[in-house]
Amino acid sequence: MILRAAAAGLIFCLAAGAPARADGCDALTARLIRGTGASLAGRTGSLVVFRAADAERMSLDCGTPRRMVFRSLYRQPNRSYFVLIGLAAKTLAKADAEGVETLALNLHQQTLLTGEPQQGRAGSAVLRCEPTDRLDGFSEGALCRLAADRGPRRRGGLSARS
């Protein structure tokens, strides 16, 4: 009897948590639309896809950690692509939009020079930009991934600052 009640309680808690996560993702999606000017293109589970004039693809993964992907068809996108990343970082990570915009532009330039992925941080935003040139020449452009910093990592119950 006790086991059955505990199982029922666990199922209720899990079911109650699912709408809360969905509501959180819906609220973040709405804030991103207001903050960036993008429009909703669709949603499947925890993945939200947006339409944005300055990016061929702009998507949000509401899983943990929440992260976004920005893709441009152009190897050297217009400045507005980097502005879009900054605006999204302001909403997703509460980071300084101009700081993230500058970081995205600098990381992208470094990927063009080195041919290697580049990663950096601006406040609470972590950004990784990658080269998208393929040897077959059929895919070229810009790709950046954005996530909110989750704070200091803990080991053995102690913070990294201890």
# chains A, B, ... in the order shown; residues from 1 in each chain; ligands from 1

call {"tool": "select_by_dssp", "arguments": {"residues": "region 6-154 of chain A", "states": "strand (DSSP E)", "output": "VMD selection string"}}
result
chain A and resid 39 to 44 47 to 52 55 to 61 67 to 72 118 to 122 125 to 131 142 to 148 154

call {"tool": "residues_around", "arguments": {"residues": "Ala89 (chain A)", "least_positions_apart": "4", "cutoff": "12 Å", "atoms": "only C-alpha atoms", "output": "number ranges by chain"}}
result
A: 28, 31-32, 35-36, 60, 66-70, 82-85, 93-104, 121-127, 144-149

call {"tool": "residues_around", "arguments": {"residues": "Cys129 (chain A)", "least_positions_apart": "4", "cutoff": "7 Å", "atoms": "only C-alpha atoms", "output": "list in words"}}
result
Leu107, His108, Pro117, Gln118, Gln119, Leu143, Cys144 and Arg145 of chain A

call {"tool": "write_last_selection", "arguments": {"atoms": "C-alpha atoms", "output": "PDB file, in the first residue's frame"}}
result
ATOM      1  CA  LEU A 107      35.085  34.536 -32.603  1.00  0.00           C
ATOM      2  CA  HIS A 108      33.727  34.284 -36.134  1.00  0.00           C
ATOM      3  CA  PRO A 117      36.097  26.342 -33.597  1.00  0.00           C
ATOM      4  CA  GLN A 118      36.492  29.254 -31.191  1.00  0.00           C
ATOM      5  CA  GLN A 119      34.842  29.678 -27.810  1.00  0.00           C
ATOM      6  CA  LEU A 143      27.527  28.893 -37.266  1.00  0.00           C
ATOM      7  CA  CYS A 144      27.452  30.033 -33.642  1.00  0.00           C
ATOM      8  CA  ARG A 145      26.074  28.323 -30.536  1.00  0.00           C
TER       9      ARG A 145
END

call {"tool": "atom_distance", "arguments": {"atom1": "CA of Glu140 (chain A)", "atom2": "CA of Gly63 (chain A)"}}
result
27.9 Å

call {"tool": "atom_distance", "arguments": {"atom1": "CA of Tyr74 (chain A)", "atom2": "CA of Ser59 (chain A)"}}
result
17.5 Å

call {"tool": "atom_distance", "arguments": {"atom1": "CA of Leu87 (chain A)", "atom2": "CA of Thr114 (chain A)"}}
result
26.6 Å

call {"tool": "select_by_dssp", "arguments": {"residues": "region 74-157 of chain A", "states": "alpha helix (DSSP H)", "output": "PDB file with all heavy atoms, in the first residue's frame"}}
result
ATOM      1  N   ARG A  79      26.563  42.463 -40.341  1.00  0.00           N
ATOM      2  CA  ARG A  79      26.667  42.784 -38.908  1.00  0.00           C
ATOM      3  C   ARG A  79      25.380  42.421 -38.173  1.00  0.00           C
ATOM      4  O   ARG A  79      25.398  42.069 -36.993  1.00  0.00           O
ATOM      5  CB  ARG A  79      26.988  44.279 -38.761  1.00  0.00           C
ATOM      6  CG  ARG A  79      27.131  44.781 -37.372  1.00  0.00           C
ATOM      7  CD  ARG A  79      28.530  44.670 -36.948  1.00  0.00           C
ATOM      8  NE  ARG A  79      28.690  45.113 -35.565  1.00  0.00           N
ATOM      9  CZ  ARG A  79      29.846  45.232 -35.031  1.00  0.00           C
ATOM     10  NH1 ARG A  79      30.920  44.974 -35.741  1.00  0.00           N
ATOM     11  NH2 ARG A  79      29.961  45.595 -33.791  1.00  0.00           N
ATOM     12  N   SER A  80      24.247  42.488 -38.845  1.00  0.00           N
ATOM     13  CA  SER A  80      22.958  42.210 -38.201  1.00  0.00           C
ATOM     14  C   SER A  80      22.867  40.779 -37.668  1.00  0.00           C
ATOM     15  O   SER A  80      22.149  40.525 -36.700  1.00  0.00           O
ATOM     16  CB  SER A  80      21.809  42.504 -39.160  1.00  0.00           C
ATOM     17  OG  SER A  80      21.982  41.800 -40.365  1.00  0.00           O
ATOM     18  N   TYR A  81      23.606  39.841 -38.258  1.00  0.00           N
ATOM     19  CA  TYR A  81      23.665  38.460 -37.754  1.00  0.00           C
ATOM     20  C   TYR A  81      24.233  38.452 -36.338  1.00  0.00           C
ATOM     21  O   TYR A  81      23.714  37.789 -35.441  1.00  0.00           O
ATOM     22  CB  TYR A  81      24.529  37.617 -38.700  1.00  0.00           C
ATOM     23  CG  TYR A  81      24.883  36.238 -38.220  1.00  0.00           C
ATOM     24  CD1 TYR A  81      23.968  35.196 -38.291  1.00  0.00           C
ATOM     25  CD2 TYR A  81      26.150  35.957 -37.724  1.00  0.00           C
ATOM     26  CE1 TYR A  81      24.306  33.915 -37.874  1.00  0.00           C
ATOM     27  CE2 TYR A  81      26.497  34.685 -37.315  1.00  0.00           C
ATOM     28  CZ  TYR A  81      25.573  33.667 -37.383  1.00  0.00           C
ATOM     29  OH  TYR A  81      25.912  32.397 -36.972  1.00  0.00           O
ATOM     30  N   PHE A  82      25.285  39.221 -36.111  1.00  0.00           N
ATOM     31  CA  PHE A  82      25.935  39.279 -34.807  1.00  0.00           C
ATOM     32  C   PHE A  82      25.102  40.076 -33.809  1.00  0.00           C
ATOM     33  O   PHE A  82      25.078  39.759 -32.617  1.00  0.00           O
ATOM     34  CB  PHE A  82      27.352  39.845 -34.958  1.00  0.00           C
ATOM     35  CG  PHE A  82      28.176  39.033 -35.920  1.00  0.00           C
ATOM     36  CD1 PHE A  82      28.399  39.475 -37.210  1.00  0.00           C
ATOM     37  CD2 PHE A  82      28.685  37.797 -35.554  1.00  0.00           C
ATOM     38  CE1 PHE A  82      29.133  38.714 -38.110  1.00  0.00           C
ATOM     39  CE2 PHE A  82      29.414  37.023 -36.448  1.00  0.00           C
ATOM     40  CZ  PHE A  82      29.639  37.483 -37.728  1.00  0.00           C
ATOM     41  N   VAL A  83      24.381  41.091 -34.295  1.00  0.00           N
ATOM     42  CA  VAL A  83      23.450  41.840 -33.452  1.00  0.00           C
ATOM     43  C   VAL A  83      22.361  40.894 -32.947  1.00  0.00           C
ATOM     44  O   VAL A  83      21.999  40.919 -31.766  1.00  0.00           O
ATOM     45  CB  VAL A  83      22.828  43.027 -34.226  1.00  0.00           C
ATOM     46  CG1 VAL A  83      21.679  43.663 -33.451  1.00  0.00           C
ATOM     47  CG2 VAL A  83      23.900  44.058 -34.559  1.00  0.00           C
ATOM     48  N   LEU A  84      21.839  40.032 -33.817  1.00  0.00           N
ATOM     49  CA  LEU A  84      20.816  39.063 -33.454  1.00  0.00           C
ATOM     50  C   LEU A  84      21.313  38.145 -32.334  1.00  0.00           C
ATOM     51  O   LEU A  84      20.592  37.880 -31.366  1.00  0.00           O
ATOM     52  CB  LEU A  84      20.416  38.230 -34.678  1.00  0.00           C
ATOM     53  CG  LEU A  84      19.373  37.140 -34.465  1.00  0.00           C
ATOM     54  CD1 LEU A  84      18.024  37.747 -34.087  1.00  0.00           C
ATOM     55  CD2 LEU A  84      19.242  36.291 -35.721  1.00  0.00           C
ATOM     56  N   ILE A  85      22.542  37.674 -32.437  1.00  0.00           N
ATOM     57  CA  ILE A  85      23.116  36.813 -31.392  1.00  0.00           C
ATOM     58  C   ILE A  85      23.192  37.574 -30.071  1.00  0.00           C
ATOM     59  O   ILE A  85      22.848  37.040 -29.006  1.00  0.00           O
ATOM     60  CB  ILE A  85      24.498  36.278 -31.825  1.00  0.00           C
ATOM     61  CG1 ILE A  85      24.341  35.350 -33.038  1.00  0.00           C
ATOM     62  CG2 ILE A  85      25.186  35.551 -30.667  1.00  0.00           C
ATOM     63  CD1 ILE A  85      25.661  34.941 -33.684  1.00  0.00           C
ATOM     64  N   GLY A  86      23.610  38.840 -30.128  1.00  0.00           N
ATOM     65  CA  GLY A  86      23.673  39.651 -28.912  1.00  0.00           C
ATOM     66  C   GLY A  86      22.318  39.855 -28.267  1.00  0.00           C
ATOM     67  O   GLY A  86      22.165  39.735 -27.047  1.00  0.00           O
ATOM     68  N   LEU A  87      21.304  40.139 -29.076  1.00  0.00           N
ATOM     69  CA  LEU A  87      19.953  40.328 -28.550  1.00  0.00           C
ATOM     70  C   LEU A  87      19.419  39.042 -27.914  1.00  0.00           C
ATOM     71  O   LEU A  87      18.774  39.076 -26.862  1.00  0.00           O
ATOM     72  CB  LEU A  87      19.013  40.810 -29.654  1.00  0.00           C
ATOM     73  CG  LEU A  87      19.282  42.222 -30.183  1.00  0.00           C
ATOM     74  CD1 LEU A  87      18.403  42.507 -31.399  1.00  0.00           C
ATOM     75  CD2 LEU A  87      19.074  43.258 -29.094  1.00  0.00           C
ATOM     76  N   ALA A  88      19.700  37.917 -28.543  1.00  0.00           N
ATOM     77  CA  ALA A  88      19.262  36.635 -27.983  1.00  0.00           C
ATOM     78  C   ALA A  88      19.981  36.351 -26.669  1.00  0.00           C
ATOM     79  O   ALA A  88      19.376  35.833 -25.719  1.00  0.00           O
ATOM     80  CB  ALA A  88      19.509  35.514 -28.990  1.00  0.00           C
ATOM     81  N   ALA A  89      21.272  36.689 -26.586  1.00  0.00           N
ATOM     82  CA  ALA A  89      22.041  36.465 -25.355  1.00  0.00           C
ATOM     83  C   ALA A  89      21.497  37.314 -24.209  1.00  0.00           C
ATOM     84  O   ALA A  89      21.502  36.886 -23.052  1.00  0.00           O
ATOM     85  CB  ALA A  89      23.512  36.778 -25.593  1.00  0.00           C
ATOM     86  N   LYS A  90      21.027  38.491 -24.530  1.00  0.00           N
ATOM     87  CA  LYS A  90      20.434  39.364 -23.510  1.00  0.00           C
ATOM     88  C   LYS A  90      19.216  38.678 -22.894  1.00  0.00           C
ATOM     89  O   LYS A  90      19.011  38.730 -21.686  1.00  0.00           O
ATOM     90  CB  LYS A  90      20.045  40.703 -24.134  1.00  0.00           C
ATOM     91  CG  LYS A  90      19.473  41.691 -23.150  1.00  0.00           C
ATOM     92  CD  LYS A  90      19.179  43.006 -23.827  1.00  0.00           C
ATOM     93  CE  LYS A  90      18.613  44.006 -22.832  1.00  0.00           C
ATOM     94  NZ  LYS A  90      18.319  45.283 -23.487  1.00  0.00           N
ATOM     95  N   THR A  91      18.422  38.022 -23.720  1.00  0.00           N
ATOM     96  CA  THR A  91      17.222  37.336 -23.238  1.00  0.00           C
ATOM     97  C   THR A  91      17.561  36.001 -22.585  1.00  0.00           C
ATOM     98  O   THR A  91      17.086  35.700 -21.496  1.00  0.00           O
ATOM     99  CB  THR A  91      16.233  37.106 -24.399  1.00  0.00           C
ATOM    100  OG1 THR A  91      15.902  38.365 -24.974  1.00  0.00           O
ATOM    101  CG2 THR A  91      14.975  36.417 -23.924  1.00  0.00           C
ATOM    102  N   LEU A  92      18.392  35.201 -23.232  1.00  0.00           N
ATOM    103  CA  LEU A  92      18.692  33.849 -22.740  1.00  0.00           C
ATOM    104  C   LEU A  92      19.571  33.865 -21.502  1.00  0.00           C
ATOM    105  O   LEU A  92      19.328  33.125 -20.551  1.00  0.00           O
ATOM    106  CB  LEU A  92      19.376  33.022 -23.844  1.00  0.00           C
ATOM    107  CG  LEU A  92      19.704  31.589 -23.479  1.00  0.00           C
ATOM    108  CD1 LEU A  92      18.433  30.760 -23.384  1.00  0.00           C
ATOM    109  CD2 LEU A  92      20.644  30.986 -24.509  1.00  0.00           C
ATOM    110  N   ALA A  93      20.618  34.699 -21.501  1.00  0.00           N
ATOM    111  CA  ALA A  93      21.620  34.653 -20.444  1.00  0.00           C
ATOM    112  C   ALA A  93      21.700  35.930 -19.623  1.00  0.00           C
ATOM    113  O   ALA A  93      22.570  36.054 -18.766  1.00  0.00           O
ATOM    114  CB  ALA A  93      22.990  34.355 -21.063  1.00  0.00           C
ATOM    115  N   ALA A  97      24.125  42.731 -24.474  1.00  0.00           N
ATOM    116  CA  ALA A  97      23.933  42.434 -25.895  1.00  0.00           C
ATOM    117  C   ALA A  97      25.111  42.887 -26.741  1.00  0.00           C
ATOM    118  O   ALA A  97      25.585  42.146 -27.609  1.00  0.00           O
ATOM    119  CB  ALA A  97      22.632  43.076 -26.401  1.00  0.00           C
ATOM    120  N   GLU A  98      25.605  44.090 -26.503  1.00  0.00           N
ATOM    121  CA  GLU A  98      26.719  44.602 -27.305  1.00  0.00           C
ATOM    122  C   GLU A  98      27.996  43.813 -27.049  1.00  0.00           C
ATOM    123  O   GLU A  98      28.779  43.588 -27.965  1.00  0.00           O
ATOM    124  CB  GLU A  98      26.931  46.087 -27.030  1.00  0.00           C
ATOM    125  CG  GLU A  98      25.818  46.952 -27.592  1.00  0.00           C
ATOM    126  CD  GLU A  98      25.995  48.431 -27.277  1.00  0.00           C
ATOM    127  OE1 GLU A  98      27.056  48.816 -26.738  1.00  0.00           O
ATOM    128  OE2 GLU A  98      25.070  49.191 -27.572  1.00  0.00           O
ATOM    129  N   GLY A  99      28.212  43.397 -25.806  1.00  0.00           N
ATOM    130  CA  GLY A  99      29.386  42.587 -25.484  1.00  0.00           C
ATOM    131  C   GLY A  99      29.366  41.244 -26.193  1.00  0.00           C
ATOM    132  O   GLY A  99      30.383  40.785 -26.723  1.00  0.00           O
ATOM    133  N   VAL A 100      28.204  40.609 -26.228  1.00  0.00           N
ATOM    134  CA  VAL A 100      28.075  39.319 -26.913  1.00  0.00           C
ATOM    135  C   VAL A 100      28.177  39.507 -28.420  1.00  0.00           C
ATOM    136  O   VAL A 100      28.788  38.692 -29.116  1.00  0.00           O
ATOM    137  CB  VAL A 100      26.770  38.604 -26.518  1.00  0.00           C
ATOM    138  CG1 VAL A 100      26.569  37.338 -27.334  1.00  0.00           C
ATOM    139  CG2 VAL A 100      26.780  38.279 -25.029  1.00  0.00           C
ATOM    140  N   GLU A 101      27.597  40.586 -28.929  1.00  0.00           N
ATOM    141  CA  GLU A 101      27.707  40.887 -30.362  1.00  0.00           C
ATOM    142  C   GLU A 101      29.181  41.002 -30.769  1.00  0.00           C
ATOM    143  O   GLU A 101      29.616  40.400 -31.767  1.00  0.00           O
ATOM    144  CB  GLU A 101      26.982  42.190 -30.663  1.00  0.00           C
ATOM    145  CG  GLU A 101      27.140  42.691 -32.073  1.00  0.00           C
ATOM    146  CD  GLU A 101      26.580  44.088 -32.266  1.00  0.00           C
ATOM    147  OE1 GLU A 101      25.716  44.528 -31.475  1.00  0.00           O
ATOM    148  OE2 GLU A 101      27.017  44.757 -33.214  1.00  0.00           O
ATOM    149  N   THR A 102      29.958  41.744 -29.996  1.00  0.00           N
ATOM    150  CA  THR A 102      31.385  41.914 -30.282  1.00  0.00           C
ATOM    151  C   THR A 102      32.126  40.582 -30.168  1.00  0.00           C
ATOM    152  O   THR A 102      32.958  40.253 -31.012  1.00  0.00           O
ATOM    153  CB  THR A 102      31.994  42.950 -29.316  1.00  0.00           C
ATOM    154  OG1 THR A 102      31.303  44.192 -29.507  1.00  0.00           O
ATOM    155  CG2 THR A 102      33.469  43.144 -29.567  1.00  0.00           C
ATOM    156  N   LEU A 103      31.810  39.817 -29.135  1.00  0.00           N
ATOM    157  CA  LEU A 103      32.440  38.510 -28.966  1.00  0.00           C
ATOM    158  C   LEU A 103      32.123  37.607 -30.155  1.00  0.00           C
ATOM    159  O   LEU A 103      33.025  36.951 -30.698  1.00  0.00           O
ATOM    160  CB  LEU A 103      31.959  37.847 -27.670  1.00  0.00           C
ATOM    161  CG  LEU A 103      32.449  36.425 -27.430  1.00  0.00           C
ATOM    162  CD1 LEU A 103      33.969  36.383 -27.271  1.00  0.00           C
ATOM    163  CD2 LEU A 103      31.753  35.827 -26.201  1.00  0.00           C
ATOM    164  N   ALA A 104      30.874  37.570 -30.584  1.00  0.00           N
ATOM    165  CA  ALA A 104      30.479  36.715 -31.714  1.00  0.00           C
ATOM    166  C   ALA A 104      31.240  37.104 -32.979  1.00  0.00           C
ATOM    167  O   ALA A 104      31.741  36.235 -33.710  1.00  0.00           O
ATOM    168  CB  ALA A 104      28.974  36.805 -31.946  1.00  0.00           C
ATOM    169  N   LEU A 105      31.341  38.386 -33.218  1.00  0.00           N
ATOM    170  CA  LEU A 105      32.066  38.864 -34.396  1.00  0.00           C
ATOM    171  C   LEU A 105      33.540  38.468 -34.321  1.00  0.00           C
ATOM    172  O   LEU A 105      34.109  37.958 -35.297  1.00  0.00           O
ATOM    173  CB  LEU A 105      31.918  40.378 -34.517  1.00  0.00           C
ATOM    174  CG  LEU A 105      32.574  41.040 -35.713  1.00  0.00           C
ATOM    175  CD1 LEU A 105      32.055  40.475 -37.016  1.00  0.00           C
ATOM    176  CD2 LEU A 105      32.345  42.537 -35.663  1.00  0.00           C
ATOM    177  N   ASN A 106      34.163  38.656 -33.162  1.00  0.00           N
ATOM    178  CA  ASN A 106      35.574  38.297 -32.994  1.00  0.00           C
ATOM    179  C   ASN A 106      35.803  36.795 -33.115  1.00  0.00           C
ATOM    180  O   ASN A 106      36.761  36.352 -33.770  1.00  0.00           O
ATOM    181  CB  ASN A 106      36.107  38.808 -31.655  1.00  0.00           C
ATOM    182  CG  ASN A 106      36.230  40.310 -31.616  1.00  0.00           C
ATOM    183  OD1 ASN A 106      36.347  40.965 -32.651  1.00  0.00           O
ATOM    184  ND2 ASN A 106      36.183  40.870 -30.423  1.00  0.00           N
ATOM    185  N   LEU A 107      34.933  35.995 -32.503  1.00  0.00           N
ATOM    186  CA  LEU A 107      35.085  34.536 -32.603  1.00  0.00           C
ATOM    187  C   LEU A 107      34.921  34.078 -34.046  1.00  0.00           C
ATOM    188  O   LEU A 107      35.655  33.208 -34.517  1.00  0.00           O
ATOM    189  CB  LEU A 107      34.083  33.823 -31.696  1.00  0.00           C
ATOM    190  CG  LEU A 107      34.288  33.985 -30.194  1.00  0.00           C
ATOM    191  CD1 LEU A 107      33.154  33.297 -29.436  1.00  0.00           C
ATOM    192  CD2 LEU A 107      35.638  33.446 -29.756  1.00  0.00           C
ATOM    193  N   HIS A 108      33.949  34.654 -34.735  1.00  0.00           N
ATOM    194  CA  HIS A 108      33.727  34.284 -36.134  1.00  0.00           C
ATOM    195  C   HIS A 108      34.961  34.612 -36.975  1.00  0.00           C
ATOM    196  O   HIS A 108      35.398  33.801 -37.800  1.00  0.00           O
ATOM    197  CB  HIS A 108      32.495  34.992 -36.693  1.00  0.00           C
ATOM    198  CG  HIS A 108      32.300  34.758 -38.153  1.00  0.00           C
ATOM    199  ND1 HIS A 108      31.947  33.523 -38.655  1.00  0.00           N
ATOM    200  CD2 HIS A 108      32.439  35.579 -39.212  1.00  0.00           C
ATOM    201  CE1 HIS A 108      31.881  33.613 -39.977  1.00  0.00           C
ATOM    202  NE2 HIS A 108      32.173  34.848 -40.333  1.00  0.00           N
ATOM    203  N   GLN A 109      35.529  35.799 -36.760  1.00  0.00           N
ATOM    204  CA  GLN A 109      36.733  36.176 -37.508  1.00  0.00           C
ATOM    205  C   GLN A 109      37.882  35.207 -37.211  1.00  0.00           C
ATOM    206  O   GLN A 109      38.635  34.840 -38.121  1.00  0.00           O
ATOM    207  CB  GLN A 109      37.138  37.621 -37.162  1.00  0.00           C
ATOM    208  CG  GLN A 109      36.169  38.661 -37.666  1.00  0.00           C
ATOM    209  CD  GLN A 109      36.026  38.640 -39.189  1.00  0.00           C
ATOM    210  OE1 GLN A 109      36.992  38.505 -39.911  1.00  0.00           O
ATOM    211  NE2 GLN A 109      34.796  38.754 -39.661  1.00  0.00           N
ATOM    212  N   GLN A 110      38.001  34.772 -35.956  1.00  0.00           N
ATOM    213  CA  GLN A 110      39.051  33.816 -35.603  1.00  0.00           C
ATOM    214  C   GLN A 110      38.826  32.461 -36.279  1.00  0.00           C
ATOM    215  O   GLN A 110      39.780  31.800 -36.683  1.00  0.00           O
ATOM    216  CB  GLN A 110      39.129  33.636 -34.081  1.00  0.00           C
ATOM    217  CG  GLN A 110      39.722  34.833 -33.367  1.00  0.00           C
ATOM    218  CD  GLN A 110      41.163  35.073 -33.794  1.00  0.00           C
ATOM    219  OE1 GLN A 110      41.976  34.165 -33.839  1.00  0.00           O
ATOM    220  NE2 GLN A 110      41.460  36.313 -34.134  1.00  0.00           N
ATOM    221  N   THR A 111      37.559  32.057 -36.428  1.00  0.00           N
ATOM    222  CA  THR A 111      37.303  30.786 -37.121  1.00  0.00           C
ATOM    223  C   THR A 111      37.713  30.882 -38.581  1.00  0.00           C
ATOM    224  O   THR A 111      38.207  29.917 -39.165  1.00  0.00           O
ATOM    225  CB  THR A 111      35.822  30.349 -37.048  1.00  0.00           C
ATOM    226  OG1 THR A 111      35.011  31.255 -37.753  1.00  0.00           O
ATOM    227  CG2 THR A 111      35.348  30.187 -35.626  1.00  0.00           C
ATOM    228  N   LEU A 112      37.496  32.053 -39.179  1.00  0.00           N
ATOM    229  CA  LEU A 112      37.896  32.243 -40.576  1.00  0.00           C
ATOM    230  C   LEU A 112      39.419  32.185 -40.721  1.00  0.00           C
ATOM    231  O   LEU A 112      39.938  31.641 -41.697  1.00  0.00           O
ATOM    232  CB  LEU A 112      37.378  33.575 -41.122  1.00  0.00           C
ATOM    233  CG  LEU A 112      35.861  33.707 -41.261  1.00  0.00           C
ATOM    234  CD1 LEU A 112      35.494  35.111 -41.725  1.00  0.00           C
ATOM    235  CD2 LEU A 112      35.288  32.664 -42.190  1.00  0.00           C
ATOM    236  N   LEU A 113      40.129  32.733 -39.734  1.00  0.00           N
ATOM    237  CA  LEU A 113      41.596  32.749 -39.791  1.00  0.00           C
ATOM    238  C   LEU A 113      42.215  31.394 -39.494  1.00  0.00           C
ATOM    239  O   LEU A 113      43.188  30.994 -40.124  1.00  0.00           O
ATOM    240  CB  LEU A 113      42.147  33.789 -38.814  1.00  0.00           C
ATOM    241  CG  LEU A 113      41.874  35.247 -39.158  1.00  0.00           C
ATOM    242  CD1 LEU A 113      42.311  36.153 -38.011  1.00  0.00           C
ATOM    243  CD2 LEU A 113      42.584  35.630 -40.446  1.00  0.00           C
ATOM    244  N   THR A 114      41.658  30.685 -38.511  1.00  0.00           N
ATOM    245  CA  THR A 114      42.279  29.435 -38.051  1.00  0.00           C
ATOM    246  C   THR A 114      41.650  28.185 -38.652  1.00  0.00           C
ATOM    247  O   THR A 114      42.286  27.135 -38.668  1.00  0.00           O
ATOM    248  CB  THR A 114      42.182  29.313 -36.522  1.00  0.00           C
ATOM    249  OG1 THR A 114      40.803  29.207 -36.147  1.00  0.00           O
ATOM    250  CG2 THR A 114      42.825  30.504 -35.826  1.00  0.00           C
TER     251      THR A 114
END
